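**Q** Mind looking over this structure? Questions follow.
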Amino acid sequence: HPGNSDFKESDKDFFAYPGDIDLRELDKDFFAYPGDYEDSPSLSEFLKNEKKLTKEEKKSLTEDYDKLEKTRRDIDETSEEIEKITNKITDKWAIADKIDELANKHKSIWDKVYENATDEDLAIEDNIEFIKSSKALTDEEKTTLIKAEEELRALNEEHSKQYNKVNEATKELTAKLDSLYKDLEKLMDKMQPLANKLGEEFKENFGFVEIMPY
C-alpha cells in the first residue's frame, strides 16, 4: 500500500530489475549510435577528401572505428541475451504488476487507517501489527487489509527469488556487458584526439557527440 514503510524503502531497489533497464536505450543516448541512419556517410567516404589527418592517422582511426562498431554490436547482442533470459525466468516481470495492483488495491481503507493514526500507531514497524492497532477500522476492513498484506509478503518473497535467479543466470553476461562498455569507453577516449582534429561534422556523424553521462 502507498504508505507501507518497508515497501516504500525497498521500492527503489525493488523495482530496479536487472534487465528492466534497457541498456541499448541507454547506449543510444550515451554513445549516440552512428551508422544507424540510412543517409549517414561511411567513414571511408568521409575521410576520402579529408585534409586534416595524415594517412597514418586515417588508418588508425578507421581500424579503431571498426573495433568500436563491433563492440557496439556485441553490446546489443549481450543486452538482448540478458533480456531474453530475464523475460523467460520472470515472464517479463509479470509479478511486478501483481504487486503494484495489490499494493494500491485498498486505498480507501488505507486512507482511513492513516487519517486516524496516532504518532504511536505510526511508530509500529510491522504492517500487520499497524493494521491491528487501528481504531478506525471495522474487523472486516482489518481482515481485508491483513489478507492483502500477507499476499503482498508472499509476492515480495517470490519477487526476490526471481530477482536472485535472474542475477545468477545472467551473471556472466552482465560481467561481459560491463567489460564491453569499458572497451567502448577506452576506444572512444583513444579516438577522441583525432575526432577533435576532424571537428563537429565528424563527431555528429560518427557518434562522438559529447554527452555528459548523468
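By convention here, the chains of the C-alpha cells are called A, B, ... in the order presented, each chain's residues are numbered starting at 1, and ligands are numbered starting at 1 in the order presented.
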Can you tell me which residues surround Glu81 in chain A at a distance of at most 12 Å, considering only C-alpha atoms, apart from same-chain residues fewer than 4 positions away, and format the answer as an MDAnalysis selection string?

**A** chainID A and resid 19 22:24 74:77 85:88 166 169:174 176:177

**Q** Leaving out Leu122 in chain A and any residue of its chain fewer than 4 positions from it, which residues lie within 12 Å of it when counting only C-alpha atoms, given as a list in words?

**A** Gly3, Asn4, Ser5, Val113, Tyr114, Glu115, Asn116, Ala117, Thr118, Asp126, Asn127, Glu129, Phe130, Ile131, Ser133 and Ser134 of chain A

**Q** Rounded to one decimal in Å, what is the spacing between CA of Gly207 in chain A and CA of Lys84 in chain A?

**A**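 Interatomic distance, CA of Gly207 in chain A to CA of Lys84 in chain A: 27.3 Å.
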
**Q** At a cut-off of 12 Å, using only C-alpha atoms, what residues contact range 62-69 of chain A? Leave out same-chain residues fewer than 6 positions from it and give the result as JSON, numbers by chain.

**A** {"A": [31, 33, 34, 35, 36, 42, 43, 44, 45, 46, 47, 48, 53, 55, 56, 75, 76, 180, 181, 182, 183, 184, 185, 186, 187, 188, 189, 190, 191, 192, 194, 195, 206, 207, 208]}

**Q** Next, the residues of the selection above should be written as a compact mmCIF listing (two decimals), in the first residue's frame with C-alpha atoms.

**A**
# COMPACT_ATOMS: atom_id res chain seq x y z
CA PHE A 31 27.07 6.89 -27.41
CA TYR A 33 24.75 5.48 -32.37
CA PRO A 34 26.37 6.27 -35.65
CA GLY A 35 25.61 4.40 -38.83
CA ASP A 36 22.04 3.82 -37.75
CA SER A 42 30.50 5.79 -44.39
CA LEU A 43 33.77 6.55 -42.68
CA SER A 44 35.85 5.86 -45.80
CA GLU A 45 33.65 8.28 -47.80
CA PHE A 46 34.02 10.87 -45.07
CA LEU A 47 37.80 10.56 -44.89
CA LYS A 48 38.37 10.45 -48.66
CA LEU A 53 44.56 13.95 -40.94
CA LYS A 55 47.40 8.87 -43.99
CA GLU A 56 48.59 7.12 -40.83
CA ILE A 75 26.77 -4.82 -26.52
CA ASP A 76 23.48 -5.08 -28.38
CA LEU A 180 32.28 -4.27 -23.27
CA TYR A 181 31.21 -0.84 -22.00
CA LYS A 182 34.72 -0.33 -20.64
CA ASP A 183 36.20 -1.31 -24.02
CA LEU A 184 33.86 1.13 -25.71
CA GLU A 185 34.93 3.97 -23.44
CA LYS A 186 38.61 3.15 -23.91
CA LEU A 187 38.24 3.16 -27.68
CA MET A 188 36.36 6.44 -27.64
CA ASP A 189 39.00 8.01 -25.41
CA LYS A 190 41.72 6.76 -27.72
CA MET A 191 39.94 8.16 -30.79
CA GLN A 192 38.96 11.46 -29.17
CA LEU A 194 41.57 12.57 -33.87
CA ALA A 195 37.83 13.20 -33.54
CA PHE A 206 30.04 9.12 -36.15
CA GLY A 207 28.73 9.18 -32.62
CA PHE A 208 31.23 11.40 -30.88

**Q** For the helix (DSSP H, G or I) assignment from backbone DSSP, which residues of range 93-182 of chain A qualify? Please present them as a PyMOL selection string.

**A** chain A and resi 94-103+107-115+119-122+127-133+139-169+171-182

**Q** For CA of Phe202 in chain A and CA of Arg72 in chain A, determine how far apart the two atoms are, in Å to one decimal place.

**A**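 Taking CA of Phe202 in chain A and CA of Arg72 in chain A, their separation equals 18.1 Å.
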
**Q** Could you pull the residues within 12 Å of Thr144 in chain A, counting only C-alpha atoms, minus those fewer than 4 positions along the same chain, as a PyMOL selection string?

**A** chain A and resi 102+105-110+128+131-132+137-140+148-151

**Q** Please save C-alpha atoms of the selected residues as a PDB file, in the first residue's frame.

**A**
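See again-v1.pdb below for the written result:
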ATOM      1  CA  LEU A 102      -2.312  -5.342  -4.738  1.00  0.00           C
ATOM      2  CA  LYS A 105      -5.981  -2.099  -4.143  1.00  0.00           C
ATOM      3  CA  HIS A 106      -7.480  -0.976  -0.837  1.00  0.00           C
ATOM      4  CA  LYS A 107      -6.523   2.651  -0.977  1.00  0.00           C
ATOM      5  CA  SER A 108      -9.684   3.975   0.692  1.00  0.00           C
ATOM      6  CA  ILE A 109      -9.264   1.648   3.694  1.00  0.00           C
ATOM      7  CA  TRP A 110      -5.602   2.588   3.979  1.00  0.00           C
ATOM      8  CA  ILE A 128       0.068  -6.247  10.164  1.00  0.00           C
ATOM      9  CA  ILE A 131      -3.380  -2.567  10.852  1.00  0.00           C
ATOM     10  CA  LYS A 132      -4.460  -4.384  14.023  1.00  0.00           C
ATOM     11  CA  LEU A 137     -11.423   0.156  11.030  1.00  0.00           C
ATOM     12  CA  THR A 138     -14.096  -2.462  11.338  1.00  0.00           C
ATOM     13  CA  ASP A 139     -12.959  -6.049  11.904  1.00  0.00           C
ATOM     14  CA  GLU A 140     -13.904  -6.805   8.326  1.00  0.00           C
ATOM     15  CA  ALA A 148      -3.752  -8.304   1.272  1.00  0.00           C
ATOM     16  CA  GLU A 149      -0.631  -7.687   3.342  1.00  0.00           C
ATOM     17  CA  GLU A 150       0.046 -11.413   3.678  1.00  0.00           C
ATOM     18  CA  GLU A 151      -0.386 -11.887  -0.067  1.00  0.00           C
TER      19      GLU A 151
END
